[in-house]
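A.B. asks: I'd like to ask you about the structure that follows.
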Amino acid sequence: MYSKITILTFPPEISQKALVCQLTKKYDLLFNILSAKISNKKEGYMVLEISSASKTGFNKGIKFLKDQGVSISSPEHQIYKDEEVCTHCGACTAVCPTEALYIKRPEMEIIFDKEKCSVCELCVVTCPTRAMGLFASKSQQVIG
């Protein structure tokens, strides 16, 4: 199974078209909506995890979206957890939409599963000790 987190940006003229559901119908792709903001006659975006039986099938679906006028990009950043700063308070687990951050019981330790992370950045703004942060995925340099 091939899976990738993808950011779709819809121009105003196509923001109300049912293009994403065509990924399942025409290309046999599965999608999980991680984040979205789409308004009538305004530019919109969706962050999706798109899964396919093969990379070829995935690419066909992406080509379809591009042909319809959708801009496609990948998350430019990744989240990291500073183990030395984390106090295991659990604040991040309450806001994590993908359960990439969860409490390991009975130890009451916060675990970060990078594979589940959608890079929504909610944990970064929620963490009281700033143990959660961003780094540029290509350079591995800390941002801000």
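Letters A, B, ... mark the chains of the structure tokens in the order given; residue numbers begin at 1 per chain; ligand numbers begin at 1, in order shown.
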If you run DSSP on the backbone here, which positions in stretch 6-82 of chain A get helix (DSSP H, G or I)? Please write them as a list in words.

C.D. replies: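 Here are the helix (DSSP H, G or I) residues of stretch 6-82 of chain A: Pro12, Glu13, Ile14, Cys21, Gln22, Leu23, Thr24, Lys25, Lys26, Tyr27, Lys55, Thr56, Gly57, Phe58, Asn59, Lys60, Gly61, Ile62, Lys63, Phe64, Leu65, Lys66 and Asp67 of chain A.
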
A.B. asks: Skipping near chain neighbours, those fewer than 3 positions away, what residues fall within 12 Å of A:Val125 using only C-alpha atoms, listed as a ChimeraX atom specification?

C.D. replies: /A:79,91-92,95-96,120-122,128-134

A.B. asks: May I have the residues within 9 Å of A:Met108 as a compact mmCIF listing (two decimals) with N, CA and C atoms, in the first residue's frame, using only C-alpha atoms and disregarding those fewer than 5 positions away in the same chain?

C.D. replies:
# COMPACT_ATOMS: atom_id res chain seq x y z
N HIS A 88 5.48 15.54 29.74
CA HIS A 88 4.45 14.50 29.63
C HIS A 88 3.13 14.93 30.27
N CYS A 89 2.79 16.21 30.04
CA CYS A 89 1.54 16.75 30.59
C CYS A 89 0.30 16.26 29.85
N GLY A 90 0.45 15.90 28.57
CA GLY A 90 -0.67 15.38 27.79
C GLY A 90 -1.47 16.41 27.03
N ILE A 103 -0.86 8.81 24.96
CA ILE A 103 -0.31 8.50 26.28
C ILE A 103 -0.12 6.99 26.39

A.B. asks: Could you write out, as a ChimeraX atom specification, all the residues of stretch 96-137 of chain A that DSSP marks as strand (DSSP E or B)?

C.D. replies: /A:101-104,109-112,132-136

A.B. asks: For the residues selected in the previous step, produce a file with all heavy atoms as a CSV table (one decimal), in the first residue's frame.

C.D. replies:
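Written output follows (selection-v5.csv):
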chain,number,residue,atom,x,y,z
A,101,LEU,N,0.2,11.6,18.6
A,101,LEU,CA,0.7,11.8,20.0
A,101,LEU,C,-0.4,11.1,20.9
A,101,LEU,O,-1.6,11.4,20.8
A,101,LEU,CB,0.7,13.3,20.4
A,101,LEU,CG,1.9,14.0,19.7
A,101,LEU,CD1,1.5,15.5,19.5
A,101,LEU,CD2,3.1,13.9,20.5
A,102,TYR,N,0.1,10.2,21.8
A,102,TYR,CA,-0.8,9.5,22.7
A,102,TYR,C,-0.1,9.2,24.0
A,102,TYR,O,1.2,9.3,24.1
A,102,TYR,CB,-1.3,8.2,22.0
A,102,TYR,CG,-0.2,7.2,21.6
A,102,TYR,CD1,0.1,6.2,22.5
A,102,TYR,CD2,0.4,7.3,20.4
A,102,TYR,CE1,1.1,5.3,22.2
A,102,TYR,CE2,1.4,6.4,20.1
A,102,TYR,CZ,1.7,5.4,21.0
A,102,TYR,OH,2.7,4.5,20.6
A,103,ILE,N,-0.9,8.8,25.0
A,103,ILE,CA,-0.3,8.5,26.3
A,103,ILE,C,-0.1,7.0,26.4
A,103,ILE,O,-1.1,6.2,26.2
A,103,ILE,CB,-1.3,9.0,27.4
A,103,ILE,CG1,-1.4,10.5,27.3
A,103,ILE,CG2,-0.7,8.6,28.8
A,103,ILE,CD1,-2.5,11.1,28.3
A,104,LYS,N,1.1,6.6,26.7
A,104,LYS,CA,1.4,5.2,26.9
A,104,LYS,C,1.1,4.9,28.4
A,104,LYS,O,1.7,5.5,29.3
A,104,LYS,CB,2.9,4.9,26.6
A,104,LYS,CG,3.3,3.5,26.8
A,104,LYS,CD,4.8,3.3,26.5
A,104,LYS,CE,5.3,1.9,26.8
A,104,LYS,NZ,6.7,1.8,26.6
A,109,GLU,N,3.5,8.1,29.8
A,109,GLU,CA,4.5,8.8,28.9
A,109,GLU,C,3.9,9.2,27.6
A,109,GLU,O,3.1,8.4,27.0
A,109,GLU,CB,5.6,7.7,28.7
A,109,GLU,CG,6.7,8.2,27.8
A,109,GLU,CD,7.8,7.2,27.5
A,109,GLU,OE1,7.7,6.0,28.0
A,109,GLU,OE2,8.7,7.5,26.7
A,110,ILE,N,4.2,10.3,27.1
A,110,ILE,CA,3.7,10.8,25.8
A,110,ILE,C,4.6,10.2,24.7
A,110,ILE,O,5.8,10.4,24.7
A,110,ILE,CB,3.7,12.4,25.7
A,110,ILE,CG1,2.9,13.0,26.8
A,110,ILE,CG2,3.2,12.8,24.3
A,110,ILE,CD1,1.5,12.5,26.9
A,111,ILE,N,4.0,9.5,23.8
A,111,ILE,CA,4.6,8.9,22.7
A,111,ILE,C,4.3,9.6,21.4
A,111,ILE,O,3.1,10.0,21.2
A,111,ILE,CB,4.2,7.4,22.5
A,111,ILE,CG1,4.5,6.6,23.8
A,111,ILE,CG2,4.9,6.8,21.3
A,111,ILE,CD1,5.9,6.5,24.2
A,112,PHE,N,5.3,9.9,20.5
A,112,PHE,CA,5.0,10.6,19.3
A,112,PHE,C,5.3,9.6,18.1
A,112,PHE,O,6.5,9.2,17.9
A,112,PHE,CB,5.9,11.8,19.2
A,112,PHE,CG,5.8,12.5,17.9
A,112,PHE,CD1,4.6,12.8,17.3
A,112,PHE,CD2,7.0,13.0,17.2
A,112,PHE,CE1,4.5,13.5,16.1
A,112,PHE,CE2,6.9,13.7,16.0
A,112,PHE,CZ,5.7,13.9,15.4
A,132,MET,N,7.3,20.5,21.5
A,132,MET,CA,7.0,20.2,20.2
A,132,MET,C,7.4,21.3,19.3
A,132,MET,O,7.2,22.5,19.6
A,132,MET,CB,5.5,19.9,20.0
A,132,MET,CG,4.9,18.8,20.9
A,132,MET,SD,5.8,17.2,20.8
A,132,MET,CE,5.4,16.8,19.1
A,133,GLY,N,8.0,21.0,18.1
A,133,GLY,CA,8.5,22.0,17.2
A,133,GLY,C,8.5,21.6,15.8
A,133,GLY,O,8.1,20.4,15.5
A,134,LEU,N,9.0,22.4,14.9
A,134,LEU,CA,9.1,22.2,13.5
A,134,LEU,C,10.5,22.2,13.0
A,134,LEU,O,11.3,22.9,13.5
A,134,LEU,CB,8.4,23.3,12.7
A,134,LEU,CG,6.9,23.3,12.7
A,134,LEU,CD1,6.4,24.6,12.0
A,134,LEU,CD2,6.3,22.1,12.0
A,135,PHE,N,10.8,21.3,12.0
A,135,PHE,CA,12.0,21.5,11.3
A,135,PHE,C,11.8,21.3,9.8
A,135,PHE,O,10.8,20.6,9.5
A,135,PHE,CB,13.1,20.5,11.9
A,135,PHE,CG,12.9,19.1,11.7
A,135,PHE,CD1,13.1,18.4,10.5
A,135,PHE,CD2,12.4,18.3,12.8
A,135,PHE,CE1,12.9,17.1,10.4
A,135,PHE,CE2,12.2,17.0,12.6
A,135,PHE,CZ,12.4,16.3,11.4
A,136,ALA,N,12.6,21.9,9.0
A,136,ALA,CA,12.5,21.7,7.6
A,136,ALA,C,12.8,20.3,7.2
A,136,ALA,O,13.9,19.8,7.6
A,136,ALA,CB,13.4,22.7,6.9

A.B. asks: With distances taken over only C-alpha atoms, which residue among A:Leu8, A:Val20, A:Val85, A:Ile50 lies nearest A:Ser73?

C.D. replies: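 Nearest candidate to A:Ser73 out of A:Leu8, A:Val20, A:Val85, A:Ile50: A:Leu8.
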
A.B. asks: With only C-alpha atoms as the atoms that count, which of A:Ser51, A:Asn32, A:Thr9, A:Gln16 lies nearest to A:Lys66?

C.D. replies: A:Thr9

A.B. asks: Figure out the distance between atom CA of A:Tyr45 and atom CA of A:Cys123, please, to one decimal in Å.

C.D. replies: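 For atom CA of A:Cys123 relative to atom CA of A:Tyr45, the distance reads 20.4 Å.
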
A.B. asks: Which residues are close to A:Glu99, i.e. within 8 Å by only C-alpha atoms, leaving aside same-chain residues fewer than 6 positions away? Reply as a ChimeraX atom specification.

C.D. replies: /A:93,116-117

A.B. asks: Which residue gives the smallest distance to A:Leu48 among A:Leu65, A:Ile5, A:Val70, A:Leu29, with only C-alpha atoms counted?

C.D. replies: A:Ile5

A.B. asks: Return the single residue from A:Gln68, A:Asn59, A:Ser15, A:Ser54 that is closest to A:Lys42, with distances computed using only C-alpha atoms.

C.D. replies: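 So, comparing all the options, the nearest one is A:Ser15.
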
A.B. asks: Return the single residue from A:Thr24, A:Ser35, A:Thr126, A:Ser118 that is closest to A:Ile62, with distances computed using only C-alpha atoms.

C.D. replies: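 Checking each of A:Thr24, A:Ser35, A:Thr126, A:Ser118 against A:Ile62, counting only C-alpha atoms, the winner is A:Thr24.
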
A.B. asks: Measuring between only C-alpha atoms, which one of A:Asn40, A:Ser71, A:Thr98, A:Ser52 shows the shortest distance to A:Met1?

C.D. replies: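 Of A:Asn40, A:Ser71, A:Thr98, A:Ser52, the one nearest A:Met1 is A:Ser52, counting only C-alpha atoms.
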
A.B. asks: Name the residues in contact with A:Ile33 at a cut-off of 8 Å, using only C-alpha atoms, excluding same-chain residues fewer than 6 positions from it; report them as an NGL selection string.

C.D. replies: :A and (46-49)
